[in-house]
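> So that we are looking at the same thing, I have put the structure below in structure tokens.
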Amino acid sequence: MWSVDEHLADILRSVRPLAPIELPLLDAAGCVLTEDVTVSAALPPFDNSSMDGYAVRVADVEGVTEEFPAVLGVVGDVAAGSGNLPTVGPGQAARIMTGAPVPPGAQAVVPVEWTDGGTGGGPASAMAPGAPGPEVRVHRPVTEGQHIRPRGSDAAAGALALPAGTVLGPPQLGLLAALGRPAVPVRPRPRVVVLSTGSELTAPGEPLEPGRIHDSNSFALAAAAQAAGAVAFRVAAVADDAATLRAVLEDQLVRADLVVTSGGVSVGAYDVVKEALERESGIEFRRLAMQPGKPQGFGLLGPAGVPLFALPGNPVSSYVSFELFVRPALRAMAGLPAEDPHRPRVRALLVADAPLASPPGRRQFLRGAYNPAAPGEPLGTVAPVGGAGSHLLAALARADALVEVPEDLTEVAPGTELTVVLLG
């Protein structure tokens with residue numbers, strides 16, 4: 001049997017990052033940038049006001065107070081987006097809005113709350129609507145550059161804005177838009193085709209005939225692929241017929257960067273995936289020293305070498321296998337950091353009413369509910385959810401973690417420190 005680590009290492013050796021493509025900004029969300037992006041023009045591109053108020057010369061408001069204000073003539077109104085700017089001379093001010101360019105001659109911006117707002121009364125609380133008054137009383141002094149965002153203060157022209165390898169989240173996309181970039185080169189989201197196999201499977205919403213069950217794996221695995229950052233295509237369940245499965249796979253390969261099947265990989269008489277694919281030179285079926293998920297298939301399918309994961313059919317087995325093996329492969333194909341291909345892992349103390357049994361020589365993955373460490377405590381706790389059965393889908397739905405029991409343990413006592421894979 002292969003170990004979990006050996007199987008994962010073989011997978012990661014076999015997959016390659018997808019070739020870069022140019023994508024519009026919103027389509028590039030969550031993708032990895034493949035080239036450095038530099039600042040083509042200063043950001044912001046001009047000195048602008050950080051407040052609603054009045055653009056003034058510093059000398060004209062030096063030493064002013066509410067009792068002895070400076071009375072300045074208002075030469076114009078400057079709104080955000082203004083292009084025709086008034087010049088502020090001695091004894092003058094220009095009413096200015098947040099984000100508006102600072103007019104020539106002005107050295108600082110006095111917030112409107114430090115003035116009478118042009119009303120001739122006491123301190124204003126906001127800009128008065130309409131045209132500015134002929135004069136404004138300023139009650140407090142300012143220093144040069146105060147309440148002005150200088151040109152290039154966010155990013156100077158020629159500076160590195162985002163290095164290659166950056167994962168593009170909302171702030172990064174906002175920066176790219178501010179720099180005027182409509183599209184960027186990225187590694188695209190992998191396209192994943194997901195299909196279940198089994199003549200017993202019925203689509204949700206359809207009535208169940210005797211001996212049949214609803215197809216749950218394809219929905220869980222497609223959702224898992226989406227959560228991993230991929231684009232998922234769920235295919236209707238395929239009956240236990242090797243020729244049909246081969247035909248479906250051939251049709252789907254044109255839109256697949258990776259294929260995931262579930263079911264038909266064990267040693268039963270109707271294990272259609274093995275029957276259909278075991279003659280493929282790139283597909284190998286293995287037994288892994290793990291529970292659940294002992295039978296696994298993996299290889300590169302077709303002329304393009306599309307990675308194919310043949311997962312077990314039991315719902316828990318297929319989901320655990322996806323988290324351990326498919327998710328890391330998708331991260332690698334998307335060009336995401338490879339330091340830790342798994343979900344976050346923490347150490348936690350087992351909470352249970354009695355010792356838990358684990359099969360000898362196999363790494364067991366129990367479903368668990370994780371509680372983070374309380375203040376002052378070094379470790380959190382994890383409690384098993386449901387039993388070890390690989391069909392217990394309801395228990396899996398209540399779990400937020402996988403509890404990893406090493407191969408050399410056959411019994412785990414309450415209070416044992418274990419590794420926990422966080423699923424949330």
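Ordering of the structure tokens sets the chain letters (A, B, ...), residue numbers begin anew at 1 in every chain, and ligands are numbered from 1 in the order given.
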What lies within 7 Å of Ala230 of chain A using only C-alpha atoms, ignoring chain neighbours under 6 positions off, as a PDB file with C-alpha atoms, in the first residue's frame?


```pdb
ATOM      1  CA  ARG A 189      -8.873  29.106 -12.235  1.00  0.00           C
ATOM      2  CA  PRO A 190      -8.615  25.388 -13.040  1.00  0.00           C
ATOM      3  CA  ARG A 191     -11.683  23.967 -14.772  1.00  0.00           C
ATOM      4  CA  VAL A 192     -12.802  20.833 -12.967  1.00  0.00           C
TER       5      VAL A 192
END
```

> Compile the contact shell of Asp257 of chain A as a list in words: residues with an atom at most 9 Å away, counting only C-alpha atoms, same-chain residues fewer than 2 positions apart removed.

Leu18, Pro190, Arg191, Val192, Val193, Leu253, Val254, Arg255, Val259, Val306, Pro307 and Met333 of chain A

> Neighbours of Glu280 of chain A within 10 Å (only C-alpha atoms; same-chain residues fewer than 2 positions away dropped), as number ranges by chain?

A: 274, 276-278, 282-284, 299-302

> Limited to C-alpha atoms, could you put the picked residues into a file as a PDB file, in the first residue's frame?


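The new file part-v9.pdb reads:
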```pdb
ATOM      1  CA  LYS A 274     -11.324   0.730 -13.023  1.00  0.00           C
ATOM      2  CA  ALA A 276     -12.868   1.803 -18.171  1.00  0.00           C
ATOM      3  CA  LEU A 277      -9.511   3.296 -17.274  1.00  0.00           C
ATOM      4  CA  GLU A 278      -7.114   0.659 -16.000  1.00  0.00           C
ATOM      5  CA  GLY A 282      -1.431   7.165 -17.380  1.00  0.00           C
ATOM      6  CA  ILE A 283      -4.031   5.986 -14.848  1.00  0.00           C
ATOM      7  CA  GLU A 284      -2.949   3.910 -11.859  1.00  0.00           C
ATOM      8  CA  GLY A 299      -3.042   9.639 -13.510  1.00  0.00           C
ATOM      9  CA  LEU A 300      -2.869  11.846 -16.577  1.00  0.00           C
ATOM     10  CA  LEU A 301      -5.603  11.244 -19.140  1.00  0.00           C
ATOM     11  CA  GLY A 302      -5.619  11.889 -22.879  1.00  0.00           C
TER      12      GLY A 302
END
```

> Considering only C-alpha atoms, tabulate each residue of segment 91-206 of chain A that lies at most 10 Å from segment 40-51 of chain A along with its nearest interatomic pair and the corresponding distance in Å to one decimal; arrange the rows by chain and ascending residue number and present them as a tab-separated table.


```
residue	atom	partner	partner_atom	distance
A:Ile96	CA	A:Ser49	CA	7.3
A:Met97	CA	A:Met51	CA	6.5
A:Thr98	CA	A:Met51	CA	4.7
A:Gly99	CA	A:Ser49	CA	5.1
A:Ala100	CA	A:Asn48	CA	5.3
A:Pro101	CA	A:Asn48	CA	4.3
A:Val102	CA	A:Asn48	CA	5.1
A:Pro103	CA	A:Asn48	CA	8.8
A:Ala108	CA	A:Ser49	CA	8.5
A:Val109	CA	A:Ser49	CA	6.8
A:Val110	CA	A:Met51	CA	8.0
A:Pro111	CA	A:Met51	CA	5.9
A:Val112	CA	A:Met51	CA	8.1
A:Gly145	CA	A:Asp47	CA	9.6
A:Gln146	CA	A:Ser50	CA	9.0
A:His147	CA	A:Ser50	CA	5.2
A:Ile148	CA	A:Ser49	CA	4.7
A:Arg149	CA	A:Asn48	CA	5.3
A:Pro150	CA	A:Asp47	CA	4.4
A:Arg151	CA	A:Phe46	CA	4.4
A:Gly152	CA	A:Ala42	CA	4.5
A:Ser153	CA	A:Leu43	CA	6.7
A:Asp154	CA	A:Leu43	CA	5.4
A:Ala155	CA	A:Leu43	CA	5.0
A:Ala156	CA	A:Ala42	CA	4.8
A:Ala157	CA	A:Ala42	CA	4.5
A:Gly158	CA	A:Ser40	CA	6.0
A:Ala159	CA	A:Ser40	CA	8.2
A:Leu160	CA	A:Ser40	CA	9.6
A:Ala161	CA	A:Ser40	CA	9.4
A:Leu175	CA	A:Leu43	CA	9.6
A:Ala178	CA	A:Leu43	CA	7.8
A:Leu179	CA	A:Ser40	CA	7.2
A:Gly180	CA	A:Ser40	CA	8.7
A:Arg181	CA	A:Ser40	CA	9.6
```

> Quick one, how far is atom CA of Leu330 of chain A from atom CA of Ala222 of chain A?

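We find that atom CA of Leu330 of chain A and atom CA of Ala222 of chain A lie 12.7 Å from each other.
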
> As a PyMOL selection string, please: every residue in segment 137-175 of chain A that DSSP puts in alpha helix (DSSP H).

chain A and resi 170-175

> Mind the document's chain letters and residue numbers, and return as a PyMOL selection string the residues of segment 110-320 of chain A that DSSP labels strand (DSSP E).

chain A and resi 110-111+135-138+148-149+160-162+183-187+191-197+201-202+213-214+231-238+258-262+283-287+290-291+295-301+306-311

> Between atom CA of Leu288 of chain A and atom CA of Glu200 of chain A, what distance in Å does the model show, to one decimal?

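These atoms are spaced 25.9 Å apart.
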
> Within 10 Å of Thr197 of chain A, counting only C-alpha atoms, which residues qualify if same-chain residues fewer than 6 places away don't, as a VMD selection string?

chain A and resid 215 217 to 218 236 to 241 245 261 to 265 271 to 273 313

> May I ask for the distance between atom CA of Pro406 of chain A and atom CA of Thr419 of chain A, given in Å to one decimal place?

9.0 Å

> Val32 of chain A: which residues within 10 Å, counting only C-alpha atoms, same-chain residues fewer than 6 positions away excluded, as a ChimeraX atom specification?

/A:20,164-169,184-189,334-337
